[in-house]
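Asks: Below you'll find the structure I mean.
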4 protein chains.
Amino acid sequence: MKGFAMLGIGKTGWIEKERPSCGPIDAICKPVALAPCTSDVHTVWEGAIGDRHNLILGHEGVGEVVEVGSLVKDFKPGDKVILPAITPDWNSLEAQAGYSAHSNGMLAGWKFSNIKDGVFGEFFHVNDADGNMALLPDGMDLGAACMLSDMASTGLHGVELADVQFGDKVVVVGIGPVGLMSVAGAAIRGASYIYAVGSRPNCVKVAKEYGATHIINYKEGDIVEQVLALTKGKGVDQVIIAGGDNDTFAQAIRMLKPGGKIGNVNYLGEGDYIKIPRVEWGVGMGHKAINGGLMTGGRLRMEKLAALVTTGRLDPGKMVTHKFNGFEKVEDALMLMKDKPADLIKPVVIL
Amino acid sequence: MKGFAMLGIGKTGWIEKERPSCGPIDAICKPVALAPCTSDVHTVWEGAIGDRHNLILGHEGVGEVVEVGSLVKDFKPGDKVILPAITPDWNSLEAQAGYSAHSNGMLAGWKFSNIKDGVFGEFFHVNDADGNMALLPDGMDLGAACMLSDMASTGLHGVELADVQFGDKVVVVGIGPVGLMSVAGAAIRGASYIYAVGSRPNCVKVAKEYGATHIINYKEGDIVEQVLALTKGKGVDQVIIAGGDNDTFAQAIRMLKPGGKIGNVNYLGEGDYIKIPRVEWGVGMGHKAINGGLMTGGRLRMEKLAALVTTGRLDPGKMVTHKFNGFEKVEDALMLMKDKPADLIKPVVIL
Amino acid sequence: MKGFAMLGIGKTGWIEKERPSCGPIDAICKPVALAPCTSDVHTVWEGAIGDRHNLILGHEGVGEVVEVGSLVKDFKPGDKVILPAITPDWNSLEAQAGYSAHSNGMLAGWKFSNIKDGVFGEFFHVNDADGNMALLPDGMDLGAACMLSDMASTGLHGVELADVQFGDKVVVVGIGPVGLMSVAGAAIRGASYIYAVGSRPNCVKVAKEYGATHIINYKEGDIVEQVLALTKGKGVDQVIIAGGDNDTFAQAIRMLKPGGKIGNVNYLGEGDYIKIPRVEWGVGMGHKAINGGLMTGGRLRMEKLAALVTTGRLDPGKMVTHKFNGFEKVEDALMLMKDKPADLIKPVVIL
Amino acid sequence: MKGFAMLGIGKTGWIEKERPSCGPIDAICKPVALAPCTSDVHTVWEGAIGDRHNLILGHEGVGEVVEVGSLVKDFKPGDKVILPAITPDWNSLEAQAGYSAHSNGMLAGWKFSNIKDGVFGEFFHVNDADGNMALLPDGMDLGAACMLSDMASTGLHGVELADVQFGDKVVVVGIGPVGLMSVAGAAIRGASYIYAVGSRPNCVKVAKEYGATHIINYKEGDIVEQVLALTKGKGVDQVIIAGGDNDTFAQAIRMLKPGGKIGNVNYLGEGDYIKIPRVEWGVGMGHKAINGGLMTGGRLRMEKLAALVTTGRLDPGKMVTHKFNGFEKVEDALMLMKDKPADLIKPVVIL
């Protein structure tokens, strides 16, 4: 079978591989709709997960089941399914402890395009099919569905990590697709004022539609100062970090009230340390909690997110700015993701 | 001064009383806008809190500060403030434990029109002014502001007690003003499907506008059966009880998944016992949590709710179906609440 | 193979059955030590789970692995393992939601001696071996290990459901083996005063050793009155229900402070309803939370409990009052459990 | 009146001041037993809270009430009371949000010897007497009682911040008096293995008595390596930081499992930044939570801690290695704290 792969750091291409085989609790799917992710870009061009050879890319998409293992109960060939980027081993000790994303190792719930081939192949393997696939609801837009695999689950997890409560004031740093989902998530989690930090015009527009009450543009001055000015020096209840870099944490600490919380869902690709400013962190005792975590994967999460879409609470399809048709277009879609033209939020490939 | 009071069980009237005096941490206010509550009806005509003589009624409203105690720091005469129905003693052991509504006794955070005179007087006393009043935001509609005192805080507390998470399916029993706020609260707390149980046409209309995806009408069959049919027999994640009676709990248990939660904010006025069905409660082990609690009061709560209104997340003003002008109209407003004409949700009196 | 079984309601006996077969993620074990449970008594003589024919009993014990499925990674024949009474399907939606005891149905995480044959057979089947077995630590007393399967996990879950915090005052109703574990659990969870309700002398003795500060004997007067007297009318922070019946809940509500919590782990075998007293429950708004749930099962739980034993925090072996030797003695042990002589807490059978 | 004060950075001495006056909700006490704290040392010799002139030191102790304000309900002259180091403004927005230690500003719940004169005066002022004093239980050892003001509350708060659950493995870094209380707290909060990092022999001895299962001595090698070796490379569930410096956080992150938590209660006195190692923090997504907070103050906390002592769960008196008699000895006691002789854990002064 054919797949679009990372050949080595900095290099991609089409390869031939054997169709994966199906274990007793697994499934084999073929792609129905696919989306490339900034993580694919990090994987290939930044070597984020180390060097890999002939690793088929992709972890966002909708598939059609073509084969299921003998113990799979809830799916059959022909079913259309949403795939989560994170497909945990649900019986692992970490999953039993409530941290399925780290099943059998830190971040090891992330399997597609990391530990095994991803979804950019003619066929792909899904571990624990009953636990990790969700039926595509009838009539759901394929672009929206692809956004659930990673963007929505990650963005909303930022809101969960930051523990937003009714009436809280929230900063969201970064309004790429993950940050936009954090904005949308904060709005349907009870936030009042949402200060979204970003500057790209099309993202600003969608951020406002998703519920941002203020846009904080770093070009107009220090973002910490802007947030403090808007909150009369009090700061905010939560900061969701969905962009920026290691230094964003120091800014976040400065923007937070005592008792405030950081929810980080941003991949930190460089540098040795995240630095927490000692004094503003209350010399260790300011109750400014620092949380960061990989998105929640698995079937239940996808079903819950899909329900948010079908009831109109969440409209992730709005982020799909570019649509391609045909499997071979995953290459163009990925390159677009790499090049980030001004009008891009997310591309989708429909097969 | 003049006040509209409960004279005894079943009797109301205007009385003359001395203007209350102001302690060092307290304030005296005069009313700016007032709303009667179903609780006032329960108090007078059902003797819900026992017999009371010449107790001035009312615990929902906006006031203007006319006097503050010597230790009050954040308010001054002339300030317009939102009053919460519950005004805790914040230094009590219960408040320190996180249950301020029960400060110095179960339900004893409820002082207005219960432990002391309420807000339907020419002047009224606010205990712990810095802790229990919130500035009325500039330009906030007075009707909406009155809804924050009790309706919004109570309705949203039902959502908090039920612990709604992203994508959850929620039943709200009762779509009077509290239940409507529970519907609106569930929608901005992450619920997907919201099944609102009720039948009055104007309430149904507002419930849909607030985010109900389905209306369950008891006239169309058993509400448990209807909910189970809509959820393919699975039941829902949460039931918020904002109406009904003791028997509603048994229905709620039957509608819940294992691991589901009840959040009750309904005043239960009659009967000796709430009955939990043994088998459907998993013979004691079904992890169907039963929570019930009085609304969160105090200044912070009012500030948070006001922020939800000013950012457009919550629109409680929509529930104000009847407006009166002039202090003396609180009597008419209360009688309207007692008589519940078909088109009533909530009346407000503007002074 | 031979097994000791329920033949029908009220009847037990030895039967011959085929040795169970092993699926790809499962294991087959033979017993090393076994303990009968009051639940076995309920199953047989009260028909608690309905009628069953030739169902091998038993869900507490230590086994030796004799066969593992092809996908089992962490166990091999010869390993000695602690078996939890509850062996969830970890990939189920309920387990993903944090309620593994209800995997694929309310209480359906309970498989041994309920949905399939139990551990009182020459061989028995363990579903999801990697997820549901825990290595027996070297040198651990077999009697103590058997107590982890159900008694310790259940007793400590009562403490978890009641959410005991540092310095809290706790009532534990019932000091059979589960209640005793609740007492011990409360003491190592931060409780200060522990009021244990019971009267059997040997249980009273162990309750005190486990940390009960007071024994409440119903023969000396109403237990609610006794607890209120000891707490100067204030009541307690939590009530853990590990004995009694439906009416115990009304007593528990009366003993609780507002903001207090009930944690029920008692099987409720009779009656249609648990009755919650309306007025003492704060007319629905007293923040007295009612929780009840089946014990946490699976591998991680057993590992955590075993660590409590190996570090000396928990000494469940103290409850083993009767020891038998030889597989065929499970019958005697079960009859002892049924007859409950005065000196019995728990029997164990060593093979 | 006389008081032992900070005269300026690096200088202490006895001063004369006016006896403080008593507001309507306050109390005036005279000392019964006092203890100096390492924070007093930081205040004077490290300028931890900035320069202060003639600030009476001390925030740990037991007092006798000599005067109460007109609104104080629960205390009267002659009452002996335990004083918490942190005495919040309970009606502040921060306290209403659950963060009373930061009432009216980050760390501003700390008033004694910080915002106002401390307890090392012939008389001292207690803000909000009903909310911030706790009756000394009859017969409680005065040394033990002094340990509750700060050491026990702080040490146990580390355990709370780290969220220890049944069977968890915990590292406690630092076994000075706060760390010792964290060890004792972890043991009565459900920890199994407790790895205490420290080397002073008398502290090691008490750590073991309090429940440490292993002592990790940095002189015997890298502490991270030692912990990983003891946990087979898996790491621990929680790290409580009660000693060390900014660099301790990087070690803690390396010792933690994914899903693990840090609870810091150590005052961080130097350096600009705490540094979190990017890769070991899961490139931002490892779910290793970083919490740090000032101890819980107020009356309820002191009552709960006192109950732990009277029931024998916690024995903080064991830390009192040096006893002095007479008010004037607070100077000697403080100097001892500054000089830290090998056999010192905590001194106490009895009046």
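How things are named: the first chain in the structure tokens is A, the next is B, and so on; residues count from 1 in each chain; ligands count from 1 in the order shown.
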Mind listing as a count of residues only which residues of chain C are within 6 Å of chain A, counting only C-alpha atoms?

Replies: 5

Asks: I'd like the neighbourhood of range 172-177 of chain C as a count of residues only, where a residue qualifies if any of its atoms comes within 6 Å (using only C-alpha atoms), though same-chain residues fewer than 2 positions away should be ignored.

Replies: 10

Asks: Write down as a PyMOL selection string the residues of range 34-263 of chain C whose backbone DSSP state falls under strand (DSSP E or B).

Replies: chain C and resi 34-35+55-56+60-68+80-83+86+110+112+116+121+124-126+134-135+170-173+194-197+214-216+236-241+256-263

Asks: Can I get the selected residues back with N, CA and C atoms, as a compact mmCIF listing (two decimals), in the first residue's frame?

Replies:
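This is the output file selection-v4.txt:
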# COMPACT_ATOMS: atom_id res chain seq x y z
N LEU C 34 -7.76 -18.37 49.36
CA LEU C 34 -9.12 -17.93 49.01
C LEU C 34 -9.83 -17.43 50.26
N ALA C 35 -10.77 -16.52 50.04
CA ALA C 35 -11.61 -16.12 51.16
C ALA C 35 -13.05 -15.99 50.69
N LEU C 55 -23.02 -21.91 39.30
CA LEU C 55 -22.07 -20.79 39.20
C LEU C 55 -21.00 -20.98 40.28
N ILE C 56 -19.76 -21.10 39.86
CA ILE C 56 -18.69 -21.25 40.86
C ILE C 56 -18.56 -19.94 41.63
N GLU C 60 -12.52 -13.46 46.12
CA GLU C 60 -11.40 -12.95 46.90
C GLU C 60 -10.30 -14.00 46.92
N GLY C 61 -9.10 -13.58 46.59
CA GLY C 61 -8.04 -14.58 46.67
C GLY C 61 -6.74 -14.19 46.01
N VAL C 62 -5.81 -15.13 46.17
CA VAL C 62 -4.50 -15.05 45.54
C VAL C 62 -4.40 -16.26 44.63
N GLY C 63 -3.86 -16.05 43.43
CA GLY C 63 -3.75 -17.16 42.50
C GLY C 63 -2.34 -17.33 41.96
N GLU C 64 -2.16 -18.46 41.28
CA GLU C 64 -0.90 -18.66 40.55
C GLU C 64 -1.26 -18.78 39.08
N VAL C 65 -0.58 -18.02 38.26
CA VAL C 65 -0.86 -18.01 36.83
C VAL C 65 -0.43 -19.35 36.23
N VAL C 66 -1.34 -19.94 35.44
CA VAL C 66 -0.96 -21.18 34.76
C VAL C 66 -0.93 -21.00 33.23
N GLU C 67 -1.58 -19.97 32.76
CA GLU C 67 -1.59 -19.75 31.31
C GLU C 67 -1.90 -18.27 31.05
N VAL C 68 -1.26 -17.71 30.04
CA VAL C 68 -1.60 -16.34 29.68
C VAL C 68 -1.86 -16.27 28.18
N LYS C 80 2.70 -15.42 41.11
CA LYS C 80 1.64 -15.37 42.12
C LYS C 80 0.99 -13.98 42.07
N VAL C 81 -0.31 -13.96 42.05
CA VAL C 81 -1.00 -12.68 41.85
C VAL C 81 -2.16 -12.48 42.82
N ILE C 82 -2.37 -11.21 43.18
CA ILE C 82 -3.55 -10.82 43.94
C ILE C 82 -4.66 -10.54 42.93
N LEU C 83 -5.84 -11.07 43.22
CA LEU C 83 -6.98 -10.85 42.31
C LEU C 83 -7.93 -9.86 42.93
N ILE C 86 -13.24 -6.98 41.60
CA ILE C 86 -13.77 -6.27 40.44
C ILE C 86 -12.69 -6.24 39.36
N TRP C 110 -17.99 -6.18 38.14
CA TRP C 110 -17.97 -7.36 39.01
C TRP C 110 -18.28 -8.59 38.18
N PHE C 112 -16.30 -12.04 38.61
CA PHE C 112 -16.14 -13.30 39.36
C PHE C 112 -17.39 -13.61 40.18
N LYS C 116 -19.46 -14.48 35.56
CA LYS C 116 -18.79 -15.73 35.18
C LYS C 116 -18.38 -16.46 36.45
N GLY C 121 -12.65 -22.42 42.06
CA GLY C 121 -12.50 -23.55 41.15
C GLY C 121 -11.03 -23.97 41.09
N PHE C 124 -9.37 -20.77 37.30
CA PHE C 124 -10.34 -19.71 37.01
C PHE C 124 -9.75 -18.73 36.00
N HIS C 125 -10.65 -18.06 35.36
CA HIS C 125 -10.32 -17.18 34.23
C HIS C 125 -10.25 -15.74 34.72
N VAL C 126 -9.21 -15.01 34.28
CA VAL C 126 -9.10 -13.59 34.61
C VAL C 126 -9.14 -12.79 33.32
N ALA C 134 -2.31 -8.27 40.01
CA ALA C 134 -1.15 -7.58 40.58
C ALA C 134 -0.23 -8.62 41.20
N LEU C 135 1.05 -8.49 40.95
CA LEU C 135 2.00 -9.43 41.53
C LEU C 135 1.90 -9.41 43.05
N VAL C 170 -15.37 11.64 61.76
CA VAL C 170 -15.98 10.66 60.88
C VAL C 170 -16.74 9.61 61.69
N VAL C 171 -17.94 9.30 61.23
CA VAL C 171 -18.65 8.13 61.75
C VAL C 171 -18.49 6.99 60.76
N VAL C 172 -18.20 5.80 61.24
CA VAL C 172 -18.23 4.60 60.41
C VAL C 172 -19.33 3.70 60.97
N VAL C 173 -20.35 3.47 60.16
CA VAL C 173 -21.46 2.61 60.61
C VAL C 173 -21.16 1.18 60.16
N ILE C 194 -12.86 9.29 65.17
CA ILE C 194 -13.56 8.26 64.41
C ILE C 194 -14.53 7.56 65.35
N TYR C 195 -15.81 7.72 65.07
CA TYR C 195 -16.87 7.11 65.87
C TYR C 195 -17.33 5.86 65.13
N ALA C 196 -16.97 4.70 65.68
CA ALA C 196 -17.31 3.44 65.01
C ALA C 196 -18.55 2.86 65.64
N VAL C 197 -19.55 2.57 64.81
CA VAL C 197 -20.82 2.06 65.30
C VAL C 197 -20.83 0.54 65.20
N HIS C 214 -13.90 6.32 69.39
CA HIS C 214 -15.09 6.04 70.18
C HIS C 214 -15.85 4.89 69.54
N ILE C 215 -16.46 4.08 70.38
CA ILE C 215 -17.35 3.02 69.89
C ILE C 215 -18.77 3.44 70.24
N ILE C 216 -19.62 3.43 69.25
CA ILE C 216 -21.03 3.77 69.46
C ILE C 216 -21.81 2.47 69.39
N VAL C 236 -20.98 15.48 62.50
CA VAL C 236 -19.67 15.11 61.96
C VAL C 236 -19.52 15.56 60.51
N ASP C 237 -18.28 15.45 60.04
CA ASP C 237 -17.98 15.86 58.67
C ASP C 237 -18.36 14.79 57.65
N GLN C 238 -18.23 13.53 58.06
CA GLN C 238 -18.52 12.44 57.12
C GLN C 238 -19.14 11.25 57.85
N VAL C 239 -19.97 10.54 57.11
CA VAL C 239 -20.45 9.24 57.60
C VAL C 239 -20.15 8.20 56.53
N ILE C 240 -19.42 7.19 56.92
CA ILE C 240 -19.14 6.07 56.01
C ILE C 240 -20.08 4.94 56.40
N ILE C 241 -20.86 4.51 55.44
CA ILE C 241 -21.84 3.45 55.72
C ILE C 241 -21.31 2.13 55.20
N LEU C 256 -24.86 14.42 60.21
CA LEU C 256 -23.93 15.20 59.38
C LEU C 256 -24.10 16.70 59.56
N LYS C 257 -22.98 17.39 59.56
CA LYS C 257 -22.98 18.86 59.41
C LYS C 257 -23.45 19.24 58.00
N PRO C 258 -23.97 20.47 57.85
CA PRO C 258 -24.12 20.96 56.47
C PRO C 258 -22.73 20.96 55.83
N GLY C 259 -22.67 20.58 54.57
CA GLY C 259 -21.37 20.42 53.93
C GLY C 259 -20.77 19.05 54.17
N GLY C 260 -21.46 18.20 54.93
CA GLY C 260 -20.95 16.86 55.20
C GLY C 260 -21.23 15.89 54.07
N LYS C 261 -20.62 14.72 54.15
CA LYS C 261 -20.75 13.76 53.05
C LYS C 261 -20.96 12.35 53.57
N ILE C 262 -21.78 11.62 52.85
CA ILE C 262 -21.96 10.19 53.09
C ILE C 262 -21.18 9.41 52.03
N GLY C 263 -20.48 8.38 52.49
CA GLY C 263 -19.85 7.45 51.56
C GLY C 263 -20.39 6.06 51.85

Asks: For the atom pair CA of Trp45 in chain A and CA of Tyr273 in chain A, what is the interatomic distance in Å to one decimal place?

Replies: 21.7 Å

Asks: Provide the CA of Pro77 in chain A to CA of Val119 in chain A distance in Å, to one decimal place.

Replies: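 Interatomic distance here is 17.1 Å.
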
Asks: Any idea what the distance is between CA of Tyr218 in chain D and CA of Asp245 in chain D?

Replies: 14.0 Å

Asks: Just the alpha helix (DSSP H) stuff from range 187-289 of chain D, please, per backbone DSSP, written as a VMD selection string.

Replies: chain D and resid 187 201 to 210 223 to 230 248 to 255

Asks: Please, could you write that set of residues out with C-alpha atoms as a PDB file, in the first residue's frame?

Replies:
ATOM      1  CA  ALA D 187       1.658   9.007  56.353  1.00  0.00           C
ATOM      2  CA  PRO D 201      20.693  12.685  62.330  1.00  0.00           C
ATOM      3  CA  ASN D 202      18.067  13.946  64.746  1.00  0.00           C
ATOM      4  CA  CYS D 203      15.780  14.889  61.884  1.00  0.00           C
ATOM      5  CA  VAL D 204      16.333  11.522  60.250  1.00  0.00           C
ATOM      6  CA  LYS D 205      15.334   9.843  63.485  1.00  0.00           C
ATOM      7  CA  VAL D 206      12.104  11.805  63.773  1.00  0.00           C
ATOM      8  CA  ALA D 207      11.355  11.378  60.053  1.00  0.00           C
ATOM      9  CA  LYS D 208      11.427   7.625  60.519  1.00  0.00           C
ATOM     10  CA  GLU D 209       9.208   7.861  63.567  1.00  0.00           C
ATOM     11  CA  TYR D 210       6.774   9.968  61.545  1.00  0.00           C
ATOM     12  CA  ILE D 223      18.899  12.197  44.947  1.00  0.00           C
ATOM     13  CA  VAL D 224      17.054  11.768  41.665  1.00  0.00           C
ATOM     14  CA  GLU D 225      19.087   8.694  40.833  1.00  0.00           C
ATOM     15  CA  GLN D 226      18.480   7.263  44.280  1.00  0.00           C
ATOM     16  CA  VAL D 227      14.740   7.701  44.018  1.00  0.00           C
ATOM     17  CA  LEU D 228      14.598   6.286  40.510  1.00  0.00           C
ATOM     18  CA  ALA D 229      16.648   3.286  41.613  1.00  0.00           C
ATOM     19  CA  LEU D 230      14.271   2.635  44.516  1.00  0.00           C
ATOM     20  CA  THR D 248      14.904  21.422  43.676  1.00  0.00           C
ATOM     21  CA  PHE D 249      12.037  21.745  41.207  1.00  0.00           C
ATOM     22  CA  ALA D 250      14.076  20.312  38.363  1.00  0.00           C
ATOM     23  CA  GLN D 251      14.957  17.356  40.546  1.00  0.00           C
ATOM     24  CA  ALA D 252      11.337  16.937  41.531  1.00  0.00           C
ATOM     25  CA  ILE D 253      10.180  16.899  37.905  1.00  0.00           C
ATOM     26  CA  ARG D 254      12.725  14.196  37.140  1.00  0.00           C
ATOM     27  CA  MET D 255      11.499  12.063  40.037  1.00  0.00           C
TER      28      MET D 255
END

Asks: Counting only C-alpha atoms, what is within 7 Å of Asn54 in chain D, bar same-chain residues fewer than 3 positions away, as number ranges by chain?

Replies: D: 5-7

Asks: Taking into account only C-alpha atoms, which residue in the set C:Asp150, C:Glu122, C:Glu220, C:Asp79 is nearest to Ile15 in chain C?

Replies: C:Glu122
